[in-house]
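The structure appears below as structure tokens.
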Amino acid sequence: MRPSFYDHLHPPTIPAAQARWRYTLGLGGLAVFMSLVVGLTGILVTFFYIPTPEQAAKSVQELTYLVPFGWLVRNLHYWSAQLLVLVVTLHLLRVVFTGAYLPPRRLNYLLGLSLLVICLLMDFTGYVLRWDEGVHWALVAGTNLVRSIPRIGEGLYAALVGGSQVGAVTLIRFYAWHLFGLMLVLVAIGIWHIFRVRRDGGIAIPPPGLRPDPERIPRKELSRREGLAMLWASVVLVSLAILIPAPLAPGIQQGAASANENLAPWFFLWVQQLLKLGDPFIFGVLIPLGALLLLAFVPYINPRQHSPAELGRWFPPSGLKIQVMVAILTGVIILLTFIALLH
Amino acid sequence: MHRHVFFASFVVLLAFGLVLWQQNRKPEPIGITPTLTGQVEYCLTCHDDLPVISQSHPVETFGCVLCHGGESFALTADLAHSTMRGGANPSDLSVVETSCGGEKCHSGTPQVNRDHIQRVTTSLQATYAGAIAQMRYAFGAQPDLVARMGIFAIDGLAAFNGTAESSPVLQAFASNCLSCHLTSQPIPGDEYNRWGGCSACHSPAPRDDGTLVHKLTIAIPYTQCDKCHNRGNYSLVDVQFHTRTDSPTDRLHDYYQPIAEFTRCEWTLECVDCHTRQEAMGDGHIVSSKKEIQYVRCKTCHGTLDALPLTYTISNEDDLALRMAFLNPVLDLEVGETILMTDKGEQLWNIRIISGAGESAPTYELFSKASGERYTFKPVMGSGCQQESDQQDARFCHECHATQR
């Protein structure tokens, strides 16, 4: 029998070390699962969402309150998107703290990092599509950040917002980015990322000769583990969807000032807190971009010092400097987030 | 491993069972598409048991959102109510133009008597301009008794600001004595409990247990007026409003100020049976004193020795009198019937002539607007009244007709 597409994604056997929960935490697989859920529920949401300033918030309310199981679809879409950002971030940290970014995985590390950025942008555009008072401040503040960039800021702002101020054109642009622009890039890079995992020899572990554990697991066992992870992830998603509804607020009224409550989406709270420190271009654009650049350089900082035997385990000593650097960066971001939440 | 998968599958099934349970718990949406908006709204999902607010505001025509605002698709109270205008009171003067206004509603033209909002917002009840003018004149802040300031700025009146006044009495007046106008919060206590804006008069106050009464009415009982009137005295000694401590039940003996005199009609009829729309809601002009707007006197209904009260014969179906009788059907009025009219031309639609031609003096019947009770009365002309024709103030009538209190 010729191998099916499913078989293509799952080799007949893989080293047991590559599929160990304690090593991978199943984060890559969970990211794929969350992407599937967010995509599928996104398609369903699209059937009801109306991308006009007058109707957007109303159509979200209609889906939530009036469409049978609409609340479930929207809540699942929301929670899978939030968990996707979380899972992808944790995946990045796992890769950094296990040294899995080393050659030949440098390109895939960068692909993964770009997927995180796209996930954040997807989440932000989706957040804005609610077009209600809950997102008004973040929409105005976020788009104004673009304006603060010297020379190209005004042009970029006009391209992003579609005019001199946020309005109907902005909504349709964010809608198009969310559904097509970012989505196509996300799918393309996502597939490339998964392809590169196979091409780079699967999940990073030492080469066969240096492996402490030669055991291999069959395709069936791998599938079972994936299935188990998906089932528990489903339980978490459905429980969240039942217990904590996705946020809703009254629609943005045309010409109304943005809401008094200044609250960015949770994954940009740290940027919101940074903005309080001074110049929006420095604190809202340069510093976040600098942090991203720092992460992008991770595989290029002393790659030769690492030994392949150190792969497949947490906190390999040769990657200590990078681990400390990323840990500090993560700590600062978490701290800023908490400060923003407390205020 | 198999056991793990089975267990996880079982929990997933359980979670989906919870989803079904959650879906079944949700109320069945009750939608309505009011003819005036053509936009479906789902407020009735929770508020289906509310009575229609008034005959002239049927829910099929107005729905809820047109007047109240709110999120028409939301089925959770917090979100649904988050954008309601004026909270539970869309007639609050800060939002009344959006809630009740519009040229076909209550900010229409004076010619068809639909300019209520413009009249009310310039009335003494809203601006308090008369009392402010008197106080500012008395304490040297202005040279005469002409209204210059109101509670809020409108139509040439500046906003009265106590902190900008140099006189300590005026400052105290600003902080202690501005509790009765239509934009003020009522004084705490059931006897003072009322809404602001139009609902101060046209809606019953929330019940003692805090529940609300969904009602707009023109059948306004005297008890509603007494939420502001007859509830205490201002004192210039300490510049305070001294509230009454009793809860009167006997209207004649307890309600009114001890020194005041009243004839029977003044303590048996409702205030609105005699006092007109313009007196209560203003005539659209800024006035400086109650005397300038309150013009109905005994002779308005009873006439004088030389003249019968003015009358108006209803000439068409759209006459104001018929519209009012439709809203408050205490009597059946028809085109061709003759009712009384004030000397400013306001129709006293609840008082009509019933006697036939040939009688020496006509007989009038009055239907009380709140109770619907019928009273008949005769004019002064042709009676044994000994009044002087130029003495028409109430105090002259009280000389003979005041009730012993």
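Convention: chains lettered A, B, ... in structure tokens order; per-chain residue numbering from 1; ligands numbered from 1 as shown.
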Please determine the contact residues of chain A with respect to chain B at a cut-off of 12 Å, counting only C-alpha atoms, and supply them as a PDB file with C-alpha atoms, in the first residue's frame.
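Okay, result33.pdb is ready:
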ATOM      1  CA  GLN A  55     -22.276  45.902  11.864  1.00  0.00           C
ATOM      2  CA  ALA A  57     -19.653  44.353  16.844  1.00  0.00           C
ATOM      3  CA  LYS A  58     -23.314  43.603  16.245  1.00  0.00           C
ATOM      4  CA  SER A  59     -22.527  40.583  14.103  1.00  0.00           C
ATOM      5  CA  VAL A  60     -20.185  39.288  16.809  1.00  0.00           C
ATOM      6  CA  GLN A  61     -23.000  39.704  19.317  1.00  0.00           C
ATOM      7  CA  GLU A  62     -25.374  37.946  16.961  1.00  0.00           C
ATOM      8  CA  LEU A  63     -22.981  35.018  16.631  1.00  0.00           C
ATOM      9  CA  THR A  64     -22.468  34.894  20.380  1.00  0.00           C
ATOM     10  CA  TYR A  65     -26.042  35.176  21.543  1.00  0.00           C
ATOM     11  CA  LEU A  66     -28.363  34.196  18.744  1.00  0.00           C
ATOM     12  CA  VAL A  67     -26.680  31.580  16.558  1.00  0.00           C
ATOM     13  CA  PRO A  68     -27.018  28.063  18.026  1.00  0.00           C
ATOM     14  CA  PHE A  69     -23.583  27.061  19.370  1.00  0.00           C
ATOM     15  CA  GLY A  70     -22.257  30.349  18.014  1.00  0.00           C
ATOM     16  CA  TRP A  71     -20.932  31.177  21.489  1.00  0.00           C
ATOM     17  CA  LEU A  72     -18.980  27.910  21.419  1.00  0.00           C
ATOM     18  CA  VAL A  73     -17.493  28.584  18.001  1.00  0.00           C
ATOM     19  CA  ASN A  75     -15.105  31.141  22.345  1.00  0.00           C
ATOM     20  CA  LEU A  76     -13.141  28.264  20.807  1.00  0.00           C
ATOM     21  CA  ASP A 132     -15.928  47.405  20.005  1.00  0.00           C
ATOM     22  CA  GLU A 133     -15.060  49.687  22.876  1.00  0.00           C
ATOM     23  CA  GLY A 134     -12.892  46.976  24.408  1.00  0.00           C
ATOM     24  CA  LYS A 220       1.176   4.084  16.023  1.00  0.00           C
ATOM     25  CA  GLU A 221       2.628   5.093  19.359  1.00  0.00           C
ATOM     26  CA  LEU A 222       3.484   8.540  18.061  1.00  0.00           C
ATOM     27  CA  SER A 223      -0.069   8.939  16.739  1.00  0.00           C
ATOM     28  CA  ARG A 224      -1.461   7.788  20.059  1.00  0.00           C
ATOM     29  CA  ARG A 225       0.574  10.372  21.914  1.00  0.00           C
ATOM     30  CA  GLU A 226      -0.528  13.052  19.498  1.00  0.00           C
ATOM     31  CA  GLY A 227      -4.119  11.927  19.919  1.00  0.00           C
ATOM     32  CA  LEU A 228      -3.815  12.058  23.693  1.00  0.00           C
ATOM     33  CA  ALA A 229      -2.381  15.562  23.565  1.00  0.00           C
ATOM     34  CA  MET A 230      -5.185  16.662  21.256  1.00  0.00           C
ATOM     35  CA  LEU A 231      -7.828  15.161  23.528  1.00  0.00           C
ATOM     36  CA  TRP A 232      -6.515  16.923  26.605  1.00  0.00           C
ATOM     37  CA  ALA A 233      -6.059  20.138  24.649  1.00  0.00           C
ATOM     38  CA  SER A 234      -9.687  19.806  23.535  1.00  0.00           C
ATOM     39  CA  VAL A 235     -10.782  19.409  27.134  1.00  0.00           C
ATOM     40  CA  VAL A 236      -8.897  22.565  28.078  1.00  0.00           C
ATOM     41  CA  LEU A 237     -10.287  24.491  25.102  1.00  0.00           C
ATOM     42  CA  VAL A 238     -13.900  23.433  25.615  1.00  0.00           C
ATOM     43  CA  SER A 239     -13.675  24.055  29.356  1.00  0.00           C
ATOM     44  CA  LEU A 240     -12.308  27.550  28.775  1.00  0.00           C
ATOM     45  CA  ALA A 241     -14.985  28.157  26.128  1.00  0.00           C
ATOM     46  CA  ILE A 242     -17.695  27.203  28.607  1.00  0.00           C
ATOM     47  CA  LEU A 243     -16.284  28.909  31.675  1.00  0.00           C
ATOM     48  CA  PRO A 245     -16.484  33.729  27.419  1.00  0.00           C
ATOM     49  CA  PRO A 247     -14.660  39.446  25.688  1.00  0.00           C
ATOM     50  CA  LEU A 248     -17.433  41.569  24.191  1.00  0.00           C
ATOM     51  CA  ALA A 249     -18.224  45.252  24.454  1.00  0.00           C
ATOM     52  CA  PRO A 250     -20.526  47.772  22.773  1.00  0.00           C
ATOM     53  CA  GLY A 251     -19.546  48.671  19.234  1.00  0.00           C
ATOM     54  CA  ILE A 252     -17.305  51.655  18.488  1.00  0.00           C
ATOM     55  CA  GLN A 253     -19.487  54.635  17.659  1.00  0.00           C
TER      56      GLN A 253
END
- Message: I'd like the contact shell of Gln257 of chain B - 12 Å cut-off, only C-alpha atoms, skipping same-chain residues fewer than 6 positions apart - returned as JSON, numbers by chain.
- Response: {"B": [226, 229, 230, 231, 232, 233, 244, 248, 251, 405]}
- Item | Backbone DSSP call of strand (DSSP E or B) for segment 320-359 of chain B, listed as a ChimeraX atom specification | /B:338-341,347-353
- Message: Report, in Å to a single decimal, how far apart atom CA of Gly86 of chain B and atom CA of Ile117 of chain B are.
- Response: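 Going from atom CA of Ile117 of chain B over to atom CA of Gly86 of chain B, I get 15.4 Å.
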- Query: Quick one: residues within 10 Å of Ala159 of chain A, only C-alpha atoms counted, chain neighbours fewer than 5 positions away excluded, as number ranges by chain?
  - Reply: A: 153-154, 164, 170, 173
Which of segment 185-318 of chain A DSSP labels alpha helix (DSSP H), written as a compact mmCIF listing (two decimals) with C-alpha atoms, in the first residue's frame:
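And here is the file that came out, part16.txt:
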# COMPACT_ATOMS: atom_id res chain seq x y z
CA VAL A 185 1.92 33.65 5.04
CA LEU A 186 1.15 31.76 8.24
CA VAL A 187 0.06 28.64 6.36
CA ALA A 188 2.99 28.79 3.94
CA ILE A 189 5.66 29.33 6.60
CA GLY A 190 3.90 26.88 8.89
CA ILE A 191 4.07 24.11 6.30
CA TRP A 192 7.68 25.07 5.52
CA HIS A 193 8.47 24.92 9.24
CA ILE A 194 7.02 21.41 9.60
CA PHE A 195 8.76 20.30 6.41
CA ARG A 196 12.05 21.61 7.75
CA VAL A 197 11.57 19.64 10.99
CA ARG A 198 11.58 16.43 8.89
CA ARG A 199 14.33 17.68 6.59
CA ARG A 219 4.20 5.39 14.11
CA LYS A 220 1.18 4.08 16.02
CA GLU A 221 2.63 5.09 19.36
CA LEU A 222 3.48 8.54 18.06
CA SER A 223 -0.07 8.94 16.74
CA ARG A 224 -1.46 7.79 20.06
CA ARG A 225 0.57 10.37 21.91
CA GLU A 226 -0.53 13.05 19.50
CA GLY A 227 -4.12 11.93 19.92
CA LEU A 228 -3.82 12.06 23.69
CA ALA A 229 -2.38 15.56 23.56
CA MET A 230 -5.19 16.66 21.26
CA LEU A 231 -7.83 15.16 23.53
CA TRP A 232 -6.52 16.92 26.61
CA ALA A 233 -6.06 20.14 24.65
CA SER A 234 -9.69 19.81 23.54
CA VAL A 235 -10.78 19.41 27.13
CA VAL A 236 -8.90 22.56 28.08
CA LEU A 237 -10.29 24.49 25.10
CA VAL A 238 -13.90 23.43 25.62
CA SER A 239 -13.67 24.06 29.36
CA LEU A 240 -12.31 27.55 28.78
CA ALA A 241 -14.98 28.16 26.13
CA ILE A 242 -17.70 27.20 28.61
CA LEU A 243 -16.28 28.91 31.67
CA LEU A 269 0.63 44.62 27.63
CA TRP A 270 4.40 44.76 28.01
CA VAL A 271 4.62 47.16 25.04
CA GLN A 272 1.82 49.25 26.57
CA GLN A 273 3.85 49.47 29.78
CA LEU A 274 7.01 50.36 27.86
CA LEU A 275 5.13 53.17 26.14
CA PRO A 280 6.66 56.02 21.44
CA ILE A 287 12.80 48.28 21.83
CA PRO A 288 10.25 45.57 20.86
CA LEU A 289 11.98 45.22 17.47
CA GLY A 290 15.33 45.06 19.28
CA ALA A 291 14.01 42.23 21.47
CA LEU A 292 12.89 40.41 18.34
CA LEU A 293 16.25 40.97 16.69
CA LEU A 294 18.00 39.66 19.78
CA LEU A 295 15.94 36.48 19.57
CA ALA A 296 16.71 36.20 15.85
CA PHE A 297 20.44 36.30 16.60
Find the spatial neighbours of segment 306-318 of chain A, counting only C-alpha atoms, within a cut-off of 9 Å - ignore same-chain residues fewer than 6 positions away - and output them as an mmCIF file with N, CA and C atoms, in the first residue's frame.
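File result24.cif, as written:
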data_model
loop_
_atom_site.group_PDB
_atom_site.id
_atom_site.type_symbol
_atom_site.label_atom_id
_atom_site.label_comp_id
_atom_site.auth_asym_id
_atom_site.auth_seq_id
_atom_site.Cartn_x
_atom_site.Cartn_y
_atom_site.Cartn_z
ATOM 1 N N ALA A 17 13.491 9.365 22.151
ATOM 2 C CA ALA A 17 13.922 10.627 22.761
ATOM 3 C C ALA A 17 13.254 11.831 22.106
ATOM 4 N N GLN A 18 12.893 11.667 20.817
ATOM 5 C CA GLN A 18 12.268 12.798 20.114
ATOM 6 C C GLN A 18 10.818 13.015 20.550
ATOM 7 N N TYR A 23 10.772 16.344 27.338
ATOM 8 C CA TYR A 23 11.711 17.084 26.496
ATOM 9 C C TYR A 23 10.985 18.112 25.614
ATOM 10 N N THR A 24 9.991 17.649 24.896
ATOM 11 C CA THR A 24 9.336 18.546 23.913
ATOM 12 C C THR A 24 8.151 19.297 24.513
ATOM 13 N N ARG A 94 11.290 26.595 24.718
ATOM 14 C CA ARG A 94 11.783 25.208 24.794
ATOM 15 C C ARG A 94 12.974 25.036 23.862
ATOM 16 N N VAL A 96 14.983 27.329 22.739
ATOM 17 C CA VAL A 96 16.152 28.078 23.229
ATOM 18 C C VAL A 96 16.790 27.349 24.414
ATOM 19 N N PHE A 97 15.956 26.892 25.339
ATOM 20 C CA PHE A 97 16.506 26.290 26.569
ATOM 21 C C PHE A 97 16.990 24.855 26.369
ATOM 22 N N THR A 98 16.777 24.282 25.177
ATOM 23 C CA THR A 98 17.349 22.959 24.896
ATOM 24 C C THR A 98 18.413 23.052 23.800
ATOM 25 N N GLY A 99 18.704 24.259 23.343
ATOM 26 C CA GLY A 99 19.749 24.443 22.325
ATOM 27 C C GLY A 99 19.376 23.860 20.978
ATOM 28 N N ALA A 100 18.077 23.714 20.714
ATOM 29 C CA ALA A 100 17.643 23.053 19.484
ATOM 30 C C ALA A 100 17.716 23.967 18.263
ATOM 31 N N LEU A 102 20.467 25.120 16.990
ATOM 32 C CA LEU A 102 21.796 25.047 16.377
ATOM 33 C C LEU A 102 21.738 24.529 14.948
ATOM 34 N N ILE A 203 13.034 16.131 15.507
ATOM 35 C CA ILE A 203 13.288 16.955 16.699
ATOM 36 C C ILE A 203 14.741 16.772 17.133
ATOM 37 N N ALA A 204 15.352 17.872 17.592
ATOM 38 C CA ALA A 204 16.792 17.867 17.869
ATOM 39 C C ALA A 204 17.166 16.917 19.001
ATOM 40 N N ILE A 205 17.915 15.897 18.649
ATOM 41 C CA ILE A 205 18.509 15.001 19.648
ATOM 42 C C ILE A 205 19.928 14.684 19.167
ATOM 43 N N PRO A 206 20.774 14.102 19.994
ATOM 44 C CA PRO A 206 22.132 13.801 19.551
ATOM 45 C C PRO A 206 22.117 12.804 18.382
ATOM 46 N N PRO A 207 23.150 12.811 17.561
ATOM 47 C CA PRO A 207 23.234 11.836 16.479
ATOM 48 C C PRO A 207 23.274 10.406 17.041
ATOM 49 N N LEU A 210 25.786 9.114 19.591
ATOM 50 C CA LEU A 210 25.945 9.805 20.872
ATOM 51 C C LEU A 210 24.690 9.709 21.743
ATOM 52 N N ARG A 211 23.695 8.995 21.251
ATOM 53 C CA ARG A 211 22.435 8.929 21.989
ATOM 54 C C ARG A 211 22.540 7.997 23.195
#
- Task: Determine, counting only C-alpha atoms, which protein, DNA and RNA residues have an atom within 9 Å of an atom of Pro309 of chain B; residues of the same chain fewer than 3 positions away are not included. Present the result as a PyMOL selection string.
- Result: chain B and resi 299-304+340-343+379
- Message: Residues near segment 94-100 of chain B, anyone? I mean within 8 Å using only C-alpha atoms, not counting same-chain ones fewer than 2 positions away, as number ranges by chain.
- Response: B: 66-69, 85-86, 90-92, 102, 105-107, 117, 197
- Å distance separating atom CA of Trp21 of chain B from atom CA of Tyr127 of chain A, one decimal place: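 Rounded to one decimal, the two atoms are 28.3 Å apart.
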